[in-house]
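Accompanying notes for the structure given below.
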Amino acid sequence: MSGTEPASGTVRCEHCLREVPLSAALKAEIDGSVKYFCCHGCLGVYELVHGASLDAFYEQRCQWLPGAPSFEKTDPHAFGSTIVKTADGCRIDLQLSGIRCASCVWLIEKYLSKQDGVHSVRVNYATNRAAIHWNPEATGLDAILDTLHSLGYTARPVRSGGTTESLAREKQELLLRFGTAGFFSMQLMLIVAALYAGFFQGIGTEYRLAFQLISWALATPVVLYSGYPFLAGALRSIRSLNPNMDLLVALGSLSAYLYSIAMIPLGGEVFFDTSAMIVTFILLGRFLEAGSRLKAGNAIVALAGLQPQEAVLAKENGERRTVSLDQVPPGSIIEIIPGAKIPLDATVIGGEAEINESMLTGESLPVMKRSGSNIFAGTVNGNGRLLARVSGSPGETLLAGIIRTVEEAQSRRAPVQQLADRVAGYFVPAILLIALLTFLYRMNFGGQSSVSALMNAVSVLVIACPCALGLATPLAILVGSTAAGKEGVLIKGGDIFETVSKTTLVAFDKTGTITRGKPSITDIVDFGTTPDLLRYAASLESASEHPAGKAIATGWIGELLPVEAFRAFPGQGVSGTLQHETWLAGSTAFMLQNQVAITPEQQAQSQKIEDEGKTVVMLARGTRPAGMIGLIDEIRDDLPELLSALRRRGMKIMMLTGDNPGVASRIAARCGITDLQAGLSPAGKASVIEKLKAAGETVMMVGDGINDAPALAAADTGVTLGSATGIALESAGVAVLTDRLLLVDTLIEHSKRCFSVIRQNLAWAFLYNLAAVPLAVSGMLHPIVAAMLMASSSLIVVGNSLRLQKTRT
């Protein structure tokens with residue numbers, strides 16, 4: 001658009017393309033060129049885009065309906081409950097209005113990414129949703145919203161189930177287009193049958209022309225309305241110089257359609273049925289594909305509907321008030337009555353109840369919750385009244401994290417899918433060239449008419465549509481990861497799912513992973529310096545997250561002493577001030593690091609307890625040893641079965657622990673694990689894993705997601721269990737939502753099955769094209785038969801992928 005004045009006295013706005021009277025238009029000189037705009041808003045947007053050197057937006061946009069953009073401002077407070085804090089900033093999902101084409105996506109991502117403090121921006125064109133990750137110290141959400149507003153886009157909080165709604169709309173639209181195509185194609189085939197009969201038996205010219213015109217009328221809505229997605233996709237692929245399968249379908253259908261129109265006045269044969277049936281069969285395949293994706297995605301995305309939208313606030317004066325979730329700040333006290341769904345993640349402070357957590361974990365048996373227990377949004381209170389303290393906003397619940405992770409997983413591509421995409425990128429231009437050469441050869445050297453040559457070329461275009469190739473990987477990953485999710489295994493992305501299938505070595509943390517993570521006190525040794533040693537130990541460990549610390553804290557029944565200056569040293573111990581004295585609790589090595597003088601007799605007592613397979617926690621008052629506590633943690637019941645399953649798969653097994661070598665070796669011996677490294681810090685575990693990877697191993701680390709975070713991040717696949725799932729969503733690629741260790745093998749099984757199916761799908765897609773394309777080139781396939789075969793190949797891939805929905809027996 002140059003903004004020049006047409007004879008009619010109107011101009012088009014340089015930004016939104018709306019026609020405005022010249023007398024009312026804003027005139028601006030930009031880089032020596034006169035531009036016209038309908039309003040100051042469009043002028044401002046144009047200057048922003050131009051100033052950011054993103055003028056390519058105006059060249060790339062397509063399907064742009066003229067009209068002023070939205071300049072409605074949004075209140076940043078409306079998004080408060082949807083902001084999620086991450087390790088390096090904040091993240092939010094937004095629903096955007098005003099997106100008109102794929103170029104809008106390009107503009108938003110490019111422009112926002114240039115803003116200070118914005119780490120990443122991803123916009124989904126299909127759902128008009130944006131995922132933005134930023135540093136709150138460098139920029140604020142209000143600045144991001146203002147930037148979107150200045151570009152002409154309005155942001156709103158994301159509604160639950162948006163992805164499912166988008167898939168449902170897509171399926172509904174495809175049903176309407178396919179229904180239209182099917183109806184007109186059936187009528188068309190009746191008319192074409194008369195034309196074919198007339199071709200062999202003779203037909204009057206006037207009847208022949210009437211039937212051809214009727215065929216034209218019936219084929220037109222099929223090609224132009226039902227086939228519009230293919231035509232629009234083909235146009236976009238030409239403009240972007242990125243030919244795709246839509247281009248093949250559009251060329252195949254349009255060539256038969258336009259050729260038939262040209263033959264009507266010339267008295268030749270028409271092939272409107274070919275153009276219509278190509279569209280109809282391919283729409284059928286896409287409709288079934290959309291239904292499969294919707295069915296696969298519903299299983300986990302439907303979790304969004306499980307979170308209530310209201311909570312009962314409990315006041316200290318006994319007042320109860322029902323409010324919306326955005327009015328419940330962290331730290332508030334809420335009441336959950338029997339039979340009610342829990343609205344937010346919280347910690348029980350009063351009452352007892354059995355909670356049904358099957359929607360998160362897949363476990364049908366209820367879990368008893370009492371004071372100090374964590375409860376999760378969306379689970380159901382079975383039989384008791386609870387008072388609980390809210391631990392986070394609606395956007396920070398475990399349920400919200402699961403939904404967010406599932407949506408991320410659907411957008412993350414596995415390496416094998418990237419390979420298929422690259423192949424498809426070369427495949428489409430190659431097929432276009434083959435179709436052209438087929439037409440030219442048949443015309444000039446094959447002794448065929450232009451009609452036969454064109455039909456051969458159209459058959460090549462249609463038979464080679466890489467629909468099966470495009471479906472082979474993403475649908476299998478979606479169905480496979482969803483099936484794993486139903487069993488309580490949450491996978492963050494297709495890339496992680498593929499890595500799991502290549503695992504050669506599985507490394508386990510000890511405490512809380514190989515063992516139950518719920519040790520009990522067996523020995524209390526007082527060195528005679530402190531009465532009520534357990535009280536001091538329990539007070540110091542009351543703020544600890546380590547299972548041993550929790551066991552000591554719960555071992556004292558009575559009043560605890562206040563703790564000041566508490567510090568935790570992961571994998572080593574804790575320190576704090578009790579009654580104006582510094583206290584230490586932890587391993588012997590931790591004591592020596594802090595200049596605690598342990599006598600040989602005390603060391604011998606510690607060794608004796610460790611020889612019994614117990615863990616020893618040393619206690620010190622300043623630099624003087626005060627005593628020690630022995631604890632024992634039982635091995636998980638399902639560990640032997642898991643280790644046997646892993647060994648049958650030929651995988652190596654290793655234990656990595658921060659515990660002392662004596663205890664670790666005894667636990668390893670009981671488990672049958674021969675390869676172990678003990679006395680490791682969290683960083684030490686990560687270092688061991690890096691060395692294993694450098695040696696060629698594909699490592700899976702299974703831990704609790706707290707002290708093991710560095711190791712989980714360093715491993716090819718990090719897996720966390722049970723109560724650590726909140727952290728697992730950030731630090732690991734896979735979260736097992738229950739304490740069932742055997743689900744690690746279930747994860748590997750699903751991954752191997754999934755990628756076995758993917759290999760079958762890709763093999764079928766490639767072999768199908770290798771066999772079918774030569775047949776089409778040779779003239780042995782009519783375009784209608786080619787369309788049927790192409791649709792059938794896609795359905796075979798869909799059916800093969802859906803087999804993954806069946807869980808293991």
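Residue numbers start at 1 in each chain; chains themselves are named A, B, ... in the order of the structure tokens; ligands are numbered from 1 in the order shown.
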
Non-local contacts of Tyr46 in chain A (9 Å; only C-alpha atoms; under 6 positions in same chain excluded) as a ChimeraX atom specification | /A:14-15,55,151

Just the selected residues (N, CA and C atoms), exported as a short mmCIF file (atom, residue, chain, number, x, y, z; two decimals), in the first residue's frame, please.
```cif
data_model
loop_
_atom_site.label_atom_id
_atom_site.label_comp_id
_atom_site.auth_asym_id
_atom_site.auth_seq_id
_atom_site.Cartn_x
_atom_site.Cartn_y
_atom_site.Cartn_z
N GLU A 14 -3.00 2.73 5.89
CA GLU A 14 -1.77 1.98 5.66
C GLU A 14 -1.66 0.77 6.59
N HIS A 15 -2.28 0.84 7.77
CA HIS A 15 -2.18 -0.27 8.71
C HIS A 15 -3.34 -1.25 8.60
N ASP A 55 8.72 -4.08 9.21
CA ASP A 55 7.81 -3.76 8.11
C ASP A 55 7.42 -4.99 7.30
N LEU A 151 -0.07 -2.30 19.87
CA LEU A 151 -0.04 -2.97 18.57
C LEU A 151 -1.43 -3.27 18.03
#
```

Polymer residues at most 8 Å from Ala24 in chain A, only C-alpha atoms, same-chain spacing of 3 or more positions, as a list of chain:residue names = A:Val20, A:Pro21, A:Cys38

For Thr582 in chain A, work out the shell of residues within 6 Å, counting only C-alpha atoms and skipping chain neighbours fewer than 2 positions away, then give it as a list in words.
->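 Listed by chain and then number, they are Gly576, Thr577 and Gly622 of chain A.
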
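The two atoms in question, CA of Gly571 in chain A and CA of Lys652 in chain A, are spaced 24.6 Å apart.
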
Kindly indicate which residue among A:Gly152, A:Gly573, A:Gly117, A:Gly630 lies nearest to Ser544 in chain A, using only C-alpha atoms for the distances.
-> A:Gly573

Residue set, range 141-281 of chain A restricted to strand (DSSP E), as a VMD selection string = chain A and resid 154 to 157

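When only C-alpha atoms are used to measure the gap to Met455 in chain A, the shortest distance among A:Ala776, A:Ile337, A:Ala715, A:Met651 belongs to A:Ala776.
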
Please identify all polymer residues within 9 Å of range 515-531 of chain A, counting only C-alpha atoms, omitting same-chain residues fewer than 2 positions from it, and present them as a PDB file with N, CA and C atoms, in the first residue's frame.
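As a result, around05.pdb now contains:
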```
ATOM      1  N   ASP A 509      17.973 -42.023  43.382  1.00  0.00           N
ATOM      2  CA  ASP A 509      18.289 -41.483  44.703  1.00  0.00           C
ATOM      3  C   ASP A 509      17.872 -42.538  45.729  1.00  0.00           C
ATOM      4  N   LYS A 510      18.422 -42.465  46.936  1.00  0.00           N
ATOM      5  CA  LYS A 510      18.066 -43.455  47.962  1.00  0.00           C
ATOM      6  C   LYS A 510      16.860 -43.011  48.794  1.00  0.00           C
ATOM      7  N   THR A 511      17.045 -41.960  49.578  1.00  0.00           N
ATOM      8  CA  THR A 511      16.008 -41.551  50.530  1.00  0.00           C
ATOM      9  C   THR A 511      14.807 -40.974  49.802  1.00  0.00           C
ATOM     10  N   GLY A 512      13.656 -41.579  50.003  1.00  0.00           N
ATOM     11  CA  GLY A 512      12.431 -41.090  49.385  1.00  0.00           C
ATOM     12  C   GLY A 512      12.188 -41.641  48.003  1.00  0.00           C
ATOM     13  N   THR A 513      13.151 -42.401  47.465  1.00  0.00           N
ATOM     14  CA  THR A 513      12.979 -42.979  46.134  1.00  0.00           C
ATOM     15  C   THR A 513      13.082 -44.494  46.220  1.00  0.00           C
ATOM     16  N   LEU A 533      17.236 -34.281  74.751  1.00  0.00           N
ATOM     17  CA  LEU A 533      17.947 -34.152  73.474  1.00  0.00           C
ATOM     18  C   LEU A 533      16.993 -34.177  72.286  1.00  0.00           C
ATOM     19  N   LEU A 534      15.977 -35.072  72.347  1.00  0.00           N
ATOM     20  CA  LEU A 534      15.043 -35.197  71.240  1.00  0.00           C
ATOM     21  C   LEU A 534      14.255 -33.910  71.037  1.00  0.00           C
ATOM     22  N   ARG A 535      13.945 -33.210  72.135  1.00  0.00           N
ATOM     23  CA  ARG A 535      13.200 -31.954  72.001  1.00  0.00           C
ATOM     24  C   ARG A 535      14.016 -30.916  71.225  1.00  0.00           C
ATOM     25  N   TYR A 536      15.299 -30.818  71.560  1.00  0.00           N
ATOM     26  CA  TYR A 536      16.153 -29.871  70.840  1.00  0.00           C
ATOM     27  C   TYR A 536      16.285 -30.281  69.362  1.00  0.00           C
ATOM     28  N   HIS A 546      13.829 -32.400  54.633  1.00  0.00           N
ATOM     29  CA  HIS A 546      14.393 -33.731  54.414  1.00  0.00           C
ATOM     30  C   HIS A 546      13.576 -34.771  55.187  1.00  0.00           C
ATOM     31  N   PRO A 547      13.362 -35.963  54.591  1.00  0.00           N
ATOM     32  CA  PRO A 547      12.579 -36.994  55.293  1.00  0.00           C
ATOM     33  C   PRO A 547      13.124 -37.337  56.677  1.00  0.00           C
ATOM     34  N   ALA A 548      14.458 -37.385  56.835  1.00  0.00           N
ATOM     35  CA  ALA A 548      15.030 -37.685  58.157  1.00  0.00           C
ATOM     36  C   ALA A 548      14.695 -36.578  59.141  1.00  0.00           C
ATOM     37  N   LYS A 550      12.083 -34.583  59.019  1.00  0.00           N
ATOM     38  CA  LYS A 550      10.661 -34.659  59.347  1.00  0.00           C
ATOM     39  C   LYS A 550      10.391 -35.771  60.356  1.00  0.00           C
ATOM     40  N   ALA A 551      11.111 -36.893  60.223  1.00  0.00           N
ATOM     41  CA  ALA A 551      10.913 -38.009  61.152  1.00  0.00           C
ATOM     42  C   ALA A 551      11.311 -37.611  62.567  1.00  0.00           C
ATOM     43  N   ILE A 552      12.403 -36.869  62.683  1.00  0.00           N
ATOM     44  CA  ILE A 552      12.842 -36.424  64.011  1.00  0.00           C
ATOM     45  C   ILE A 552      11.856 -35.402  64.574  1.00  0.00           C
ATOM     46  N   GLY A 555       8.872 -36.979  65.934  1.00  0.00           N
ATOM     47  CA  GLY A 555       9.135 -37.952  66.996  1.00  0.00           C
ATOM     48  C   GLY A 555       8.974 -37.380  68.393  1.00  0.00           C
ATOM     49  N   GLN A 602      32.648 -41.859  70.298  1.00  0.00           N
ATOM     50  CA  GLN A 602      31.405 -41.423  69.650  1.00  0.00           C
ATOM     51  C   GLN A 602      31.360 -41.899  68.197  1.00  0.00           C
ATOM     52  N   GLN A 605      30.345 -45.522  68.267  1.00  0.00           N
ATOM     53  CA  GLN A 605      28.903 -45.682  68.493  1.00  0.00           C
ATOM     54  C   GLN A 605      28.122 -45.431  67.205  1.00  0.00           C
ATOM     55  N   ILE A 609      25.713 -48.220  64.876  1.00  0.00           N
ATOM     56  CA  ILE A 609      24.324 -48.013  64.413  1.00  0.00           C
ATOM     57  C   ILE A 609      24.240 -48.154  62.896  1.00  0.00           C
ATOM     58  N   LYS A 614      21.188 -48.506  59.465  1.00  0.00           N
ATOM     59  CA  LYS A 614      20.421 -47.326  59.852  1.00  0.00           C
ATOM     60  C   LYS A 614      21.171 -46.051  59.460  1.00  0.00           C
ATOM     61  N   VAL A 616      22.405 -42.308  60.600  1.00  0.00           N
ATOM     62  CA  VAL A 616      22.729 -41.612  61.831  1.00  0.00           C
ATOM     63  C   VAL A 616      22.704 -40.104  61.600  1.00  0.00           C
ATOM     64  N   ARG A 621      26.073 -29.009  69.873  1.00  0.00           N
ATOM     65  CA  ARG A 621      25.718 -27.753  70.532  1.00  0.00           C
ATOM     66  C   ARG A 621      26.953 -26.855  70.438  1.00  0.00           C
ATOM     67  N   ARG A 624      30.470 -28.698  70.374  1.00  0.00           N
ATOM     68  CA  ARG A 624      30.498 -29.875  71.237  1.00  0.00           C
ATOM     69  C   ARG A 624      29.449 -30.889  70.789  1.00  0.00           C
ATOM     70  N   PRO A 625      29.835 -32.153  70.580  1.00  0.00           N
ATOM     71  CA  PRO A 625      28.842 -33.178  70.236  1.00  0.00           C
ATOM     72  C   PRO A 625      27.825 -33.327  71.358  1.00  0.00           C
ATOM     73  N   ALA A 626      26.532 -33.392  70.982  1.00  0.00           N
ATOM     74  CA  ALA A 626      25.466 -33.504  71.980  1.00  0.00           C
ATOM     75  C   ALA A 626      24.827 -34.883  71.975  1.00  0.00           C
ATOM     76  N   GLY A 627      24.885 -35.571  70.848  1.00  0.00           N
ATOM     77  CA  GLY A 627      24.279 -36.881  70.777  1.00  0.00           C
ATOM     78  C   GLY A 627      24.060 -37.303  69.342  1.00  0.00           C
ATOM     79  N   MET A 628      23.346 -38.394  69.167  1.00  0.00           N
ATOM     80  CA  MET A 628      23.038 -38.868  67.823  1.00  0.00           C
ATOM     81  C   MET A 628      21.700 -39.602  67.845  1.00  0.00           C
ATOM     82  N   ILE A 629      21.060 -39.618  66.686  1.00  0.00           N
ATOM     83  CA  ILE A 629      19.763 -40.288  66.534  1.00  0.00           C
ATOM     84  C   ILE A 629      19.867 -41.250  65.365  1.00  0.00           C
ATOM     85  N   GLY A 630      19.465 -42.492  65.587  1.00  0.00           N
ATOM     86  CA  GLY A 630      19.455 -43.492  64.526  1.00  0.00           C
ATOM     87  C   GLY A 630      18.064 -43.642  63.942  1.00  0.00           C
ATOM     88  N   LEU A 631      17.999 -43.736  62.624  1.00  0.00           N
ATOM     89  CA  LEU A 631      16.712 -43.881  61.931  1.00  0.00           C
ATOM     90  C   LEU A 631      16.809 -45.006  60.908  1.00  0.00           C
ATOM     91  N   ILE A 632      15.695 -45.632  60.641  1.00  0.00           N
ATOM     92  CA  ILE A 632      15.648 -46.664  59.613  1.00  0.00           C
ATOM     93  C   ILE A 632      14.514 -46.353  58.651  1.00  0.00           C
ATOM     94  N   ASP A 633      14.787 -46.563  57.388  1.00  0.00           N
ATOM     95  CA  ASP A 633      13.809 -46.282  56.333  1.00  0.00           C
ATOM     96  C   ASP A 633      13.651 -47.544  55.492  1.00  0.00           C
ATOM     97  N   GLU A 634      12.440 -48.070  55.433  1.00  0.00           N
ATOM     98  CA  GLU A 634      12.208 -49.327  54.735  1.00  0.00           C
ATOM     99  C   GLU A 634      12.210 -49.134  53.223  1.00  0.00           C
ATOM    100  N   ILE A 635      12.622 -50.177  52.536  1.00  0.00           N
ATOM    101  CA  ILE A 635      12.640 -50.171  51.064  1.00  0.00           C
ATOM    102  C   ILE A 635      11.204 -50.256  50.555  1.00  0.00           C
ATOM    103  N   ARG A 636      10.939 -49.577  49.445  1.00  0.00           N
ATOM    104  CA  ARG A 636       9.595 -49.622  48.846  1.00  0.00           C
ATOM    105  C   ARG A 636       9.250 -51.044  48.436  1.00  0.00           C
ATOM    106  N   ASP A 637       7.971 -51.387  48.606  1.00  0.00           N
ATOM    107  CA  ASP A 637       7.525 -52.752  48.305  1.00  0.00           C
ATOM    108  C   ASP A 637       7.671 -53.108  46.830  1.00  0.00           C
ATOM    109  N   LEU A 639       9.898 -51.948  44.672  1.00  0.00           N
ATOM    110  CA  LEU A 639      11.228 -51.756  44.102  1.00  0.00           C
ATOM    111  C   LEU A 639      11.772 -53.029  43.455  1.00  0.00           C
ATOM    112  N   ILE A 667      21.810 -50.777  52.094  1.00  0.00           N
ATOM    113  CA  ILE A 667      20.541 -50.643  51.358  1.00  0.00           C
ATOM    114  C   ILE A 667      20.699 -51.208  49.954  1.00  0.00           C
ATOM    115  N   ASP A 739       3.131 -42.366  44.553  1.00  0.00           N
ATOM    116  CA  ASP A 739       4.350 -42.928  45.141  1.00  0.00           C
ATOM    117  C   ASP A 739       4.634 -44.332  44.624  1.00  0.00           C
TER     118      ASP A 739
END
```

Point-to-point distance in Å for CA of Val323 in chain A and CA of Lys341 in chain A | 14.6 Å
